[in-house]
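See below for input-v7.pdb, which holds PDB, C-alpha atoms, pLDDT in the B column.
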```
ATOM      1  CA  MET A   1       0.000   0.000   0.000  1.00 89.00           C
ATOM      2  CA  THR A   2       1.291   3.476  -0.941  1.00 95.00           C
ATOM      3  CA  GLU A   3       0.813   6.317   1.527  1.00 97.00           C
ATOM      4  CA  LEU A   4       0.959   9.877   0.218  1.00 98.00           C
ATOM      5  CA  LEU A   5       1.056  13.088   2.225  1.00 98.00           C
ATOM      6  CA  LEU A   6      -0.429  16.178   0.556  1.00 98.00           C
ATOM      7  CA  ILE A   7       0.846  19.523   1.837  1.00 98.00           C
ATOM      8  CA  ASN A   8      -1.295  22.559   1.101  1.00 98.00           C
ATOM      9  CA  PRO A   9       0.702  25.649   2.134  1.00 97.00           C
ATOM     10  CA  ASN A  10      -2.371  27.810   1.568  1.00 95.00           C
ATOM     11  CA  THR A  11      -4.045  28.297   4.940  1.00 96.00           C
ATOM     12  CA  THR A  12      -7.612  27.684   3.760  1.00 95.00           C
ATOM     13  CA  GLN A  13      -8.841  24.316   4.987  1.00 97.00           C
ATOM     14  CA  SER A  14     -11.541  24.128   2.319  1.00 96.00           C
ATOM     15  CA  ILE A  15      -8.825  24.191  -0.370  1.00 96.00           C
ATOM     16  CA  THR A  16      -7.089  21.279   1.348  1.00 97.00           C
ATOM     17  CA  ASP A  17     -10.390  19.407   1.453  1.00 97.00           C
ATOM     18  CA  LEU A  18     -10.999  20.132  -2.236  1.00 96.00           C
ATOM     19  CA  VAL A  19      -7.578  18.889  -3.297  1.00 97.00           C
ATOM     20  CA  LEU A  20      -7.843  15.781  -1.139  1.00 98.00           C
ATOM     21  CA  LYS A  21     -11.294  14.974  -2.516  1.00 97.00           C
ATOM     22  CA  HIS A  22     -10.110  15.071  -6.126  1.00 97.00           C
ATOM     23  CA  ALA A  23      -6.763  13.458  -5.372  1.00 97.00           C
ATOM     24  CA  ARG A  24      -8.652  10.419  -4.119  1.00 97.00           C
ATOM     25  CA  THR A  25     -10.439  10.103  -7.456  1.00 96.00           C
ATOM     26  CA  PHE A  26      -7.105  10.195  -9.301  1.00 96.00           C
ATOM     27  CA  ALA A  27      -5.223   7.834  -6.969  1.00 97.00           C
ATOM     28  CA  ALA A  28      -4.761   4.170  -7.768  1.00 96.00           C
ATOM     29  CA  LYS A  29      -6.423   1.462  -5.746  1.00 95.00           C
ATOM     30  CA  GLY A  30      -4.273   0.777  -2.722  1.00 94.00           C
ATOM     31  CA  THR A  31      -3.056   4.360  -2.347  1.00 97.00           C
ATOM     32  CA  THR A  32      -3.871   6.036   0.965  1.00 97.00           C
ATOM     33  CA  LEU A  33      -3.974   9.826   1.098  1.00 98.00           C
ATOM     34  CA  ARG A  34      -3.949  12.331   3.901  1.00 98.00           C
ATOM     35  CA  ALA A  35      -3.457  16.081   3.821  1.00 98.00           C
ATOM     36  CA  VAL A  36      -2.206  18.920   6.000  1.00 98.00           C
ATOM     37  CA  THR A  37      -2.819  22.665   5.741  1.00 98.00           C
ATOM     38  CA  GLY A  38      -0.270  25.419   6.219  1.00 97.00           C
ATOM     39  CA  ALA A  39      -0.168  26.658   9.823  1.00 97.00           C
ATOM     40  CA  PHE A  40       0.474  30.288   8.852  1.00 97.00           C
ATOM     41  CA  GLY A  41       0.570  32.569   5.831  1.00 97.00           C
ATOM     42  CA  PRO A  42      -1.819  33.663   3.101  1.00 94.00           C
ATOM     43  CA  ARG A  43      -5.258  32.145   2.762  1.00 94.00           C
ATOM     44  CA  TYR A  44      -4.415  31.529  -0.912  1.00 93.00           C
ATOM     45  CA  VAL A  45      -1.131  32.175  -2.694  1.00 93.00           C
ATOM     46  CA  ALA A  46      -1.632  34.801  -5.389  1.00 90.00           C
ATOM     47  CA  SER A  47       1.497  36.992  -5.263  1.00 94.00           C
ATOM     48  CA  ARG A  48       5.254  36.815  -4.843  1.00 96.00           C
ATOM     49  CA  ILE A  49       5.123  37.670  -1.129  1.00 97.00           C
ATOM     50  CA  GLY A  50       2.471  35.008  -0.584  1.00 96.00           C
ATOM     51  CA  TYR A  51       4.609  32.541  -2.521  1.00 97.00           C
ATOM     52  CA  ALA A  52       7.655  33.248  -0.339  1.00 97.00           C
ATOM     53  CA  ILE A  53       5.718  32.775   2.892  1.00 98.00           C
ATOM     54  CA  ALA A  54       4.068  29.620   1.562  1.00 98.00           C
ATOM     55  CA  GLY A  55       7.476  28.064   0.953  1.00 98.00           C
ATOM     56  CA  HIS A  56       8.245  28.441   4.661  1.00 98.00           C
ATOM     57  CA  ALA A  57       4.813  27.059   5.567  1.00 98.00           C
ATOM     58  CA  ALA A  58       5.318  24.017   3.349  1.00 98.00           C
ATOM     59  CA  VAL A  59       8.671  23.110   4.925  1.00 97.00           C
ATOM     60  CA  ASP A  60       7.207  23.738   8.384  1.00 98.00           C
ATOM     61  CA  ALA A  61       4.325  21.383   7.630  1.00 98.00           C
ATOM     62  CA  LEU A  62       6.687  18.609   6.581  1.00 97.00           C
ATOM     63  CA  ALA A  63       8.927  19.136   9.604  1.00 96.00           C
ATOM     64  CA  ASN A  64       6.000  18.824  12.007  1.00 97.00           C
ATOM     65  CA  ASP A  65       4.332  15.846  10.343  1.00 97.00           C
ATOM     66  CA  ARG A  66       4.785  12.576  12.202  1.00 95.00           C
ATOM     67  CA  GLY A  67       2.713  10.274  10.004  1.00 96.00           C
ATOM     68  CA  LYS A  68       4.015   7.530   7.753  1.00 95.00           C
ATOM     69  CA  LYS A  69       4.466   8.509   4.120  1.00 96.00           C
ATOM     70  CA  ASP A  70       6.054   7.027   1.020  1.00 95.00           C
ATOM     71  CA  ALA A  71       5.997  10.306  -0.938  1.00 96.00           C
ATOM     72  CA  VAL A  72       4.885  13.902  -0.531  1.00 97.00           C
ATOM     73  CA  VAL A  73       2.783  16.014  -2.890  1.00 98.00           C
ATOM     74  CA  LEU A  74       3.143  19.789  -2.658  1.00 98.00           C
ATOM     75  CA  ALA A  75      -0.432  20.776  -3.389  1.00 97.00           C
ATOM     76  CA  CYS A  76       0.075  24.346  -4.546  1.00 96.00           C
ATOM     77  CA  PHE A  77       0.645  25.146  -8.204  1.00 95.00           C
ATOM     78  CA  GLY A  78       3.902  27.022  -8.604  1.00 95.00           C
ATOM     79  CA  ASP A  79       5.486  24.716  -6.013  1.00 98.00           C
ATOM     80  CA  PRO A  80       6.589  27.140  -3.258  1.00 97.00           C
ATOM     81  CA  GLY A  81       9.350  25.569  -1.187  1.00 97.00           C
ATOM     82  CA  LEU A  82       9.767  22.534  -3.455  1.00 97.00           C
ATOM     83  CA  ALA A  83      13.572  22.652  -3.599  1.00 95.00           C
ATOM     84  CA  ALA A  84      13.819  22.994   0.185  1.00 94.00           C
ATOM     85  CA  LEU A  85      11.385  20.134   0.706  1.00 95.00           C
ATOM     86  CA  LYS A  86      13.451  17.916  -1.576  1.00 93.00           C
ATOM     87  CA  GLU A  87      16.593  18.863   0.328  1.00 89.00           C
ATOM     88  CA  VAL A  88      15.289  17.658   3.693  1.00 89.00           C
ATOM     89  CA  SER A  89      12.690  15.008   2.859  1.00 91.00           C
ATOM     90  CA  ALA A  90      13.428  11.325   3.442  1.00 89.00           C
ATOM     91  CA  VAL A  91      10.948  10.404   0.685  1.00 92.00           C
ATOM     92  CA  PRO A  92      10.285  11.747  -2.841  1.00 94.00           C
ATOM     93  CA  VAL A  93       8.546  15.128  -3.050  1.00 96.00           C
ATOM     94  CA  VAL A  94       6.452  16.032  -6.104  1.00 97.00           C
ATOM     95  CA  GLY A  95       5.152  19.500  -6.939  1.00 98.00           C
ATOM     96  CA  MET A  96       1.949  20.055  -8.904  1.00 97.00           C
ATOM     97  CA  ALA A  97       3.532  22.441 -11.382  1.00 98.00           C
ATOM     98  CA  ASP A  98       6.731  20.423 -11.734  1.00 98.00           C
ATOM     99  CA  ALA A  99       4.811  17.210 -12.461  1.00 98.00           C
ATOM    100  CA  SER A 100       2.419  18.969 -14.826  1.00 98.00           C
ATOM    101  CA  ILE A 101       5.011  20.600 -17.086  1.00 98.00           C
ATOM    102  CA  LEU A 102       6.994  17.380 -17.343  1.00 97.00           C
ATOM    103  CA  GLN A 103       3.915  15.398 -18.324  1.00 98.00           C
ATOM    104  CA  ALA A 104       2.838  18.129 -20.737  1.00 98.00           C
ATOM    105  CA  CYS A 105       6.204  17.895 -22.478  1.00 98.00           C
ATOM    106  CA  ALA A 106       5.669  14.150 -22.837  1.00 97.00           C
ATOM    107  CA  MET A 107       2.346  14.779 -24.587  1.00 97.00           C
ATOM    108  CA  GLY A 108       3.263  17.491 -27.069  1.00 96.00           C
ATOM    109  CA  LYS A 109       5.877  19.871 -28.380  1.00 97.00           C
ATOM    110  CA  LYS A 110       4.324  22.982 -26.830  1.00 98.00           C
ATOM    111  CA  PHE A 111       2.175  23.476 -23.741  1.00 98.00           C
ATOM    112  CA  SER A 112       0.270  26.301 -22.107  1.00 98.00           C
ATOM    113  CA  ILE A 113      -0.843  26.961 -18.541  1.00 98.00           C
ATOM    114  CA  VAL A 114      -4.197  28.442 -17.552  1.00 98.00           C
ATOM    115  CA  THR A 115      -4.772  29.525 -13.966  1.00 96.00           C
ATOM    116  CA  GLY A 116      -6.567  32.026 -11.756  1.00 95.00           C
ATOM    117  CA  GLY A 117      -4.979  35.255 -10.550  1.00 92.00           C
ATOM    118  CA  GLU A 118      -3.288  37.718 -12.906  1.00 92.00           C
ATOM    119  CA  ARG A 119      -0.045  37.973 -10.906  1.00 94.00           C
ATOM    120  CA  TRP A 120       0.726  34.326 -11.643  1.00 96.00           C
ATOM    121  CA  LYS A 121       1.604  34.964 -15.307  1.00 96.00           C
ATOM    122  CA  PRO A 122       5.187  36.236 -14.856  1.00 97.00           C
ATOM    123  CA  MET A 123       5.734  33.928 -11.889  1.00 96.00           C
ATOM    124  CA  LEU A 124       4.848  30.832 -13.904  1.00 97.00           C
ATOM    125  CA  GLU A 125       6.831  31.996 -16.939  1.00 98.00           C
ATOM    126  CA  GLU A 126       9.863  32.259 -14.665  1.00 97.00           C
ATOM    127  CA  PHE A 127       9.067  28.859 -13.131  1.00 97.00           C
ATOM    128  CA  VAL A 128       9.042  27.170 -16.541  1.00 98.00           C
ATOM    129  CA  ALA A 129      12.212  28.987 -17.595  1.00 98.00           C
ATOM    130  CA  SER A 130      13.970  27.822 -14.412  1.00 97.00           C
ATOM    131  CA  HIS A 131      13.369  24.251 -15.601  1.00 96.00           C
ATOM    132  CA  GLY A 132      14.985  25.001 -18.964  1.00 98.00           C
ATOM    133  CA  LEU A 133      11.650  24.609 -20.744  1.00 98.00           C
ATOM    134  CA  ALA A 134      10.928  28.164 -21.881  1.00 98.00           C
ATOM    135  CA  SER A 135      11.092  27.058 -25.526  1.00 98.00           C
ATOM    136  CA  ARG A 136       8.332  24.520 -24.857  1.00 98.00           C
ATOM    137  CA  LEU A 137       5.968  27.063 -23.302  1.00 98.00           C
ATOM    138  CA  ALA A 138       3.379  28.400 -25.738  1.00 98.00           C
ATOM    139  CA  SER A 139       1.747  30.739 -23.220  1.00 98.00           C
ATOM    140  CA  VAL A 140       0.520  31.381 -19.713  1.00 98.00           C
ATOM    141  CA  ARG A 141      -3.018  32.692 -19.615  1.00 97.00           C
ATOM    142  CA  THR A 142      -4.737  33.859 -16.456  1.00 96.00           C
ATOM    143  CA  VAL A 143      -8.277  34.772 -15.534  1.00 95.00           C
ATOM    144  CA  ALA A 144      -9.054  37.572 -13.104  1.00 92.00           C
ATOM    145  CA  PRO A 145     -10.636  35.446 -10.339  1.00 93.00           C
ATOM    146  CA  THR A 146      -8.014  33.886  -8.083  1.00 92.00           C
ATOM    147  CA  GLY A 147      -7.926  30.183  -7.449  1.00 92.00           C
ATOM    148  CA  ALA A 148      -9.649  30.825  -4.136  1.00 92.00           C
ATOM    149  CA  ASP A 149     -12.463  32.693  -5.921  1.00 94.00           C
ATOM    150  CA  ILE A 150     -12.829  29.850  -8.404  1.00 95.00           C
ATOM    151  CA  ALA A 151     -12.908  27.242  -5.633  1.00 94.00           C
ATOM    152  CA  ARG A 152     -15.740  29.142  -3.934  1.00 94.00           C
ATOM    153  CA  ASN A 153     -17.802  29.473  -7.117  1.00 95.00           C
ATOM    154  CA  PRO A 154     -16.438  27.273  -9.927  1.00 94.00           C
ATOM    155  CA  LYS A 155     -19.535  27.616 -12.122  1.00 94.00           C
ATOM    156  CA  ALA A 156     -18.994  31.365 -12.419  1.00 94.00           C
ATOM    157  CA  ALA A 157     -15.508  30.829 -13.813  1.00 94.00           C
ATOM    158  CA  MET A 158     -16.131  27.970 -16.245  1.00 96.00           C
ATOM    159  CA  ALA A 159     -16.762  30.159 -19.302  1.00 96.00           C
ATOM    160  CA  LEU A 160     -13.676  32.284 -18.564  1.00 96.00           C
ATOM    161  CA  LEU A 161     -11.509  29.206 -18.131  1.00 97.00           C
ATOM    162  CA  ALA A 162     -12.838  27.583 -21.303  1.00 97.00           C
ATOM    163  CA  ARG A 163     -12.051  30.735 -23.315  1.00 97.00           C
ATOM    164  CA  GLY A 164      -8.578  30.879 -21.835  1.00 97.00           C
ATOM    165  CA  CYS A 165      -7.885  27.232 -22.636  1.00 97.00           C
ATOM    166  CA  ASN A 166      -9.155  27.549 -26.224  1.00 97.00           C
ATOM    167  CA  ALA A 167      -7.054  30.677 -26.736  1.00 97.00           C
ATOM    168  CA  CYS A 168      -4.013  28.566 -25.898  1.00 97.00           C
ATOM    169  CA  ALA A 169      -4.630  26.536 -29.060  1.00 94.00           C
ATOM    170  CA  THR A 170      -4.108  29.717 -31.089  1.00 96.00           C
ATOM    171  CA  ASP A 171      -0.885  30.255 -29.121  1.00 97.00           C
ATOM    172  CA  GLY A 172       0.374  26.962 -30.513  1.00 97.00           C
ATOM    173  CA  ALA A 173      -0.232  24.721 -27.494  1.00 98.00           C
ATOM    174  CA  ASP A 174      -0.621  20.985 -28.045  1.00 98.00           C
ATOM    175  CA  VAL A 175      -1.760  20.492 -24.444  1.00 98.00           C
ATOM    176  CA  VAL A 176      -3.000  22.824 -21.691  1.00 98.00           C
ATOM    177  CA  ILE A 177      -2.340  22.540 -17.976  1.00 98.00           C
ATOM    178  CA  LEU A 178      -5.158  23.738 -15.747  1.00 96.00           C
ATOM    179  CA  GLY A 179      -3.124  24.872 -12.764  1.00 94.00           C
ATOM    180  CA  GLY A 180      -4.047  25.721  -9.212  1.00 93.00           C
ATOM    181  CA  ALA A 181      -5.180  23.896  -6.097  1.00 94.00           C
ATOM    182  CA  GLY A 182      -8.467  25.787  -6.282  1.00 94.00           C
ATOM    183  CA  LEU A 183      -9.027  24.458  -9.814  1.00 95.00           C
ATOM    184  CA  ALA A 184      -8.681  20.786  -8.847  1.00 95.00           C
ATOM    185  CA  GLY A 185     -11.119  18.611 -10.740  1.00 95.00           C
ATOM    186  CA  LEU A 186     -12.180  21.265 -13.262  1.00 96.00           C
ATOM    187  CA  ALA A 187     -10.184  19.856 -16.192  1.00 96.00           C
ATOM    188  CA  ALA A 188     -12.618  16.933 -16.450  1.00 95.00           C
ATOM    189  CA  LYS A 189     -15.580  19.327 -16.500  1.00 95.00           C
ATOM    190  CA  LEU A 190     -14.009  21.595 -19.129  1.00 96.00           C
ATOM    191  CA  LYS A 191     -12.615  19.040 -21.567  1.00 93.00           C
ATOM    192  CA  SER A 192     -15.787  18.888 -23.690  1.00 95.00           C
ATOM    193  CA  GLN A 193     -15.565  22.674 -24.197  1.00 96.00           C
ATOM    194  CA  VAL A 194     -11.878  22.817 -25.109  1.00 95.00           C
ATOM    195  CA  ASP A 195     -10.176  21.873 -28.376  1.00 91.00           C
ATOM    196  CA  VAL A 196      -6.881  20.671 -26.868  1.00 96.00           C
ATOM    197  CA  PRO A 197      -6.123  18.032 -24.206  1.00 97.00           C
ATOM    198  CA  LEU A 198      -6.297  19.309 -20.627  1.00 97.00           C
ATOM    199  CA  LEU A 199      -4.090  18.213 -17.745  1.00 98.00           C
ATOM    200  CA  ASP A 200      -5.195  18.495 -14.124  1.00 97.00           C
ATOM    201  CA  GLY A 201      -2.299  19.557 -11.889  1.00 96.00           C
ATOM    202  CA  VAL A 202      -3.456  17.387  -8.998  1.00 97.00           C
ATOM    203  CA  ALA A 203      -3.813  14.321 -11.212  1.00 97.00           C
ATOM    204  CA  CYS A 204      -0.291  14.832 -12.595  1.00 97.00           C
ATOM    205  CA  ALA A 205       1.222  15.143  -9.122  1.00 98.00           C
ATOM    206  CA  ILE A 206      -0.570  12.092  -7.736  1.00 98.00           C
ATOM    207  CA  SER A 207       0.446   9.852 -10.633  1.00 97.00           C
ATOM    208  CA  MET A 208       4.090  10.919 -10.402  1.00 97.00           C
ATOM    209  CA  ALA A 209       4.195  10.541  -6.616  1.00 97.00           C
ATOM    210  CA  GLU A 210       2.733   7.042  -6.863  1.00 97.00           C
ATOM    211  CA  ALA A 211       5.297   6.081  -9.493  1.00 96.00           C
ATOM    212  CA  LEU A 212       8.221   7.341  -7.405  1.00 94.00           C
ATOM    213  CA  ALA A 213       6.905   5.798  -4.194  1.00 93.00           C
ATOM    214  CA  GLY A 214       6.545   2.466  -5.969  1.00 90.00           C
ATOM    215  CA  GLN A 215      10.275   2.408  -6.710  1.00 87.00           C
ATOM    216  CA  ASN A 216      11.116   2.278  -2.986  1.00 78.00           C
ATOM    217  CA  LEU A 217      13.794   4.914  -3.387  1.00 70.00           C
ATOM    218  CA  VAL A 218      16.315   5.620  -0.648  1.00 65.00           C
ATOM    219  CA  ARG A 219      16.506   8.988   1.045  1.00 62.00           C
ATOM    220  CA  MET A 220      16.101  11.748  -1.534  1.00 55.00           C
ATOM    221  CA  GLY A 221      17.433  14.725   0.363  1.00 56.00           C
ATOM    222  CA  THR A 222      20.861  15.550   1.746  1.00 60.00           C
ATOM    223  CA  GLN A 223      20.611  16.829   5.286  1.00 65.00           C
ATOM    224  CA  PRO A 224      21.911  20.417   5.290  1.00 66.00           C
ATOM    225  CA  ALA A 225      24.546  21.565   7.735  1.00 74.00           C
ATOM    226  CA  PRO A 226      23.027  22.442  11.149  1.00 83.00           C
ATOM    227  CA  VAL A 227      21.677  25.988  11.328  1.00 82.00           C
ATOM    228  CA  GLU A 228      21.076  27.975  14.495  1.00 88.00           C
ATOM    229  CA  SER A 229      17.651  29.607  14.450  1.00 90.00           C
ATOM    230  CA  ILE A 230      15.120  31.515  16.514  1.00 93.00           C
ATOM    231  CA  GLY A 231      11.358  31.830  16.259  1.00 95.00           C
ATOM    232  CA  LEU A 232      10.729  28.621  14.318  1.00 95.00           C
ATOM    233  CA  SER A 233       8.319  25.851  15.247  1.00 96.00           C
ATOM    234  CA  LYS A 234       9.800  23.027  17.311  1.00 94.00           C
ATOM    235  CA  GLY A 235       9.622  20.592  14.411  1.00 95.00           C
ATOM    236  CA  LEU A 236      11.351  22.889  11.948  1.00 94.00           C
ATOM    237  CA  ALA A 237      14.006  24.014  14.412  1.00 92.00           C
ATOM    238  CA  LYS A 238      14.806  20.366  15.119  1.00 90.00           C
ATOM    239  CA  LEU A 239      14.895  19.492  11.422  1.00 89.00           C
ATOM    240  CA  ILE A 240      17.435  22.160  10.483  1.00 88.00           C
ATOM    241  CA  GLY A 241      19.337  22.204  13.789  1.00 84.00           C
TER
END
```
Rewrite the structure from the file as structure tokens, please.
Amino acid sequence: MTELLLINPNTTQSITDLVLKHARTFAAKGTTLRAVTGAFGPRYVASRIGYAIAGHAAVDALANDRGKKDAVVLACFGDPGLAALKEVSAVPVVGMADASILQACAMGKKFSIVTGGERWKPMLEEFVASHGLASRLASVRTVAPTGADIARNPKAAMALLARGCNACATDGADVVILGGAGLAGLAAKLKSQVDVPLLDGVACAISMAEALAGQNLVRMGTQPAPVESIGLSKGLAKLIG
């Protein structure tokens, strides 16, 4: 049996519940899922400052988790704190955005990303470029409602999201990633309205985490040199100290 831990560094419990609900529909039989929510920080990451704080919250959540896990899924598109999580985690860590762009590249020559929140456009362009995949990115298109807004009222955003996804076809995309924890599960509802294949970020992360967990890999991270600290949670202070 594979046990996955989902970390939602957003501090909105309903987003965690949404991601966990859809992750269970994507998971293979025999996979057990549980999820934790960030203990501090923005209700929903939608800016660079929120992203920076969420990275801390994600590492803090891992440091204070005592449950058994074979792999970790960072359930926030854009993957705040992913590199730090990989550095200290004893098991594989998979980010939603990381898994999605890799799977998109396996499906086509060019991909696009559609998400909620206008500030995400340059952030995601930089994220893709940092992976050396800028030449594979057709476009990043955003809609004005944030992922949190969409999670609260998905029906109100469906037409906007469908238009954004179809516009990606004119940008040259062979496949479109629907990114964002608040957009979990919407790719399946939109696919009949969109002319290109859609990837769900949660589905991509779950499938990759299951595959890595199934390989029974040894410790992924390399414990960093001890660091003196103040003001951190007990779990995080112990992890880095």
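With only C-alpha atoms as the atoms that count, the minimum distance from Ala159 (chain A) to the choices A:Ile177, A:Val45, A:Leu186, A:Ala134 is reached by A:Leu186.
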Notebook entry, point to check: Do you know which residues the PyMOL selection byres ((chain A and resi 100-117) around 7) returns on this file, as a PyMOL selection string?
Noted result: chain A and resi 46+96-99+118-120+136-147+164-165+168+172-180+201+204-205
Write the residues of the preceding selection, restricted to C-alpha atoms, as a CSV table (one decimal), keeping the file's coordinate frame.
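After the write, out.csv holds the following:
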```csv
chain,number,residue,atom,x,y,z
A,46,ALA,CA,-1.6,34.8,-5.4
A,96,MET,CA,1.9,20.1,-8.9
A,97,ALA,CA,3.5,22.4,-11.4
A,98,ASP,CA,6.7,20.4,-11.7
A,99,ALA,CA,4.8,17.2,-12.5
A,118,GLU,CA,-3.3,37.7,-12.9
A,119,ARG,CA,0.0,38.0,-10.9
A,120,TRP,CA,0.7,34.3,-11.6
A,136,ARG,CA,8.3,24.5,-24.9
A,137,LEU,CA,6.0,27.1,-23.3
A,138,ALA,CA,3.4,28.4,-25.7
A,139,SER,CA,1.7,30.7,-23.2
A,140,VAL,CA,0.5,31.4,-19.7
A,141,ARG,CA,-3.0,32.7,-19.6
A,142,THR,CA,-4.7,33.9,-16.5
A,143,VAL,CA,-8.3,34.8,-15.5
A,144,ALA,CA,-9.1,37.6,-13.1
A,145,PRO,CA,-10.6,35.4,-10.3
A,146,THR,CA,-8.0,33.9,-8.1
A,147,GLY,CA,-7.9,30.2,-7.4
A,164,GLY,CA,-8.6,30.9,-21.8
A,165,CYS,CA,-7.9,27.2,-22.6
A,168,CYS,CA,-4.0,28.6,-25.9
A,172,GLY,CA,0.4,27.0,-30.5
A,173,ALA,CA,-0.2,24.7,-27.5
A,174,ASP,CA,-0.6,21.0,-28.0
A,175,VAL,CA,-1.8,20.5,-24.4
A,176,VAL,CA,-3.0,22.8,-21.7
A,177,ILE,CA,-2.3,22.5,-18.0
A,178,LEU,CA,-5.2,23.7,-15.7
A,179,GLY,CA,-3.1,24.9,-12.8
A,180,GLY,CA,-4.0,25.7,-9.2
A,201,GLY,CA,-2.3,19.6,-11.9
A,204,CYS,CA,-0.3,14.8,-12.6
A,205,ALA,CA,1.2,15.1,-9.1
```
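Pairwise distance (CA of Gly78 (chain A), CA of Glu228 (chain A)) equals 28.8 Å.
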Checklist line | CA of Leu217 (chain A) to CA of Val36 (chain A), straight-line distance in Å | finding: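 Interatomic distance here is 23.2 Å.
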Check: With only C-alpha atoms as the basis for distance, which of A:Ala209, A:Ile15, A:Ala58, A:Leu74 is at the shortest distance from Arg43 (chain A)?
Finding: A:Ile15
Next item on the list: Could you check how far CA of Met1 (chain A) sits from CA of Phe77 (chain A), in Å to one decimal?
Entry: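 Answer for the CA of Met1 (chain A) to CA of Phe77 (chain A) separation: 26.5 Å.
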If we count all atoms listed in the file, what is near region 9-14 of chain A at a cut-off of 9 Å, once residues fewer than 6 positions away on the same chain are taken out, given as a CSV table (one decimal) with C-alpha atoms, in the frame of the given file?
```csv
chain,number,residue,atom,x,y,z
A,36,VAL,CA,-2.2,18.9,6.0
A,37,THR,CA,-2.8,22.7,5.7
A,38,GLY,CA,-0.3,25.4,6.2
A,39,ALA,CA,-0.2,26.7,9.8
A,40,PHE,CA,0.5,30.3,8.9
A,41,GLY,CA,0.6,32.6,5.8
A,42,PRO,CA,-1.8,33.7,3.1
A,43,ARG,CA,-5.3,32.1,2.8
A,44,TYR,CA,-4.4,31.5,-0.9
A,45,VAL,CA,-1.1,32.2,-2.7
A,50,GLY,CA,2.5,35.0,-0.6
A,53,ILE,CA,5.7,32.8,2.9
A,54,ALA,CA,4.1,29.6,1.6
A,55,GLY,CA,7.5,28.1,1.0
A,56,HIS,CA,8.2,28.4,4.7
A,57,ALA,CA,4.8,27.1,5.6
A,58,ALA,CA,5.3,24.0,3.3
A,59,VAL,CA,8.7,23.1,4.9
A,61,ALA,CA,4.3,21.4,7.6
A,74,LEU,CA,3.1,19.8,-2.7
A,75,ALA,CA,-0.4,20.8,-3.4
A,76,CYS,CA,0.1,24.3,-4.5
A,80,PRO,CA,6.6,27.1,-3.3
A,148,ALA,CA,-9.6,30.8,-4.1
A,151,ALA,CA,-12.9,27.2,-5.6
```
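Each of A:Val227, A:Leu62, A:Ala211, A:Met158 was checked against Gly81 (chain A) using only C-alpha atoms; the smallest atom-to-atom distance is that of A:Leu62.
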Next item on the list: Excluding Glu3 (chain A) and any residue of its chain fewer than 4 positions from it, enumerate the residues within 12 Å of it, using only C-alpha atoms, and give them as a VMD selection string.
Entry: chain A and resid 24 27 to 35 67 to 73 91 to 92 206 209 to 214 216
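Considering the residues A:Asp149, A:Asp60, A:Asp200, A:Asp17 and counting all atoms listed in the file, Val88 (chain A) has its shortest atom-to-atom contact with A:Asp60.
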Check: Looking at all atoms listed in the file, which of A:Val196, A:Leu239, A:Leu124, A:Val202 is the one that sits closest to Ile7 (chain A)?
Finding: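 The shortest atom-to-atom distance to Ile7 (chain A) comes from A:Val202.
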Next item on the list: Give the answer as one residue: which of A:Thr16, A:Ser47, A:Asn8, A:Asn64 has the shortest atom-to-atom distance to Leu232 (chain A), using only C-alpha atoms?
Entry: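 The answer is A:Asn64, which sits nearest to Leu232 (chain A).
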Let me have the centre and edge lengths of the axis-aligned box enclosing all listed atoms of region 103-112 of chain A with 5 Å padding on every side, in Å to one decimal, as lines of an AutoDock Vina configuration file.
```
center_x = 3.2
center_y = 20.2
center_z = -23.4
size_x = 15.9
size_y = 22.2
size_z = 20.1
```
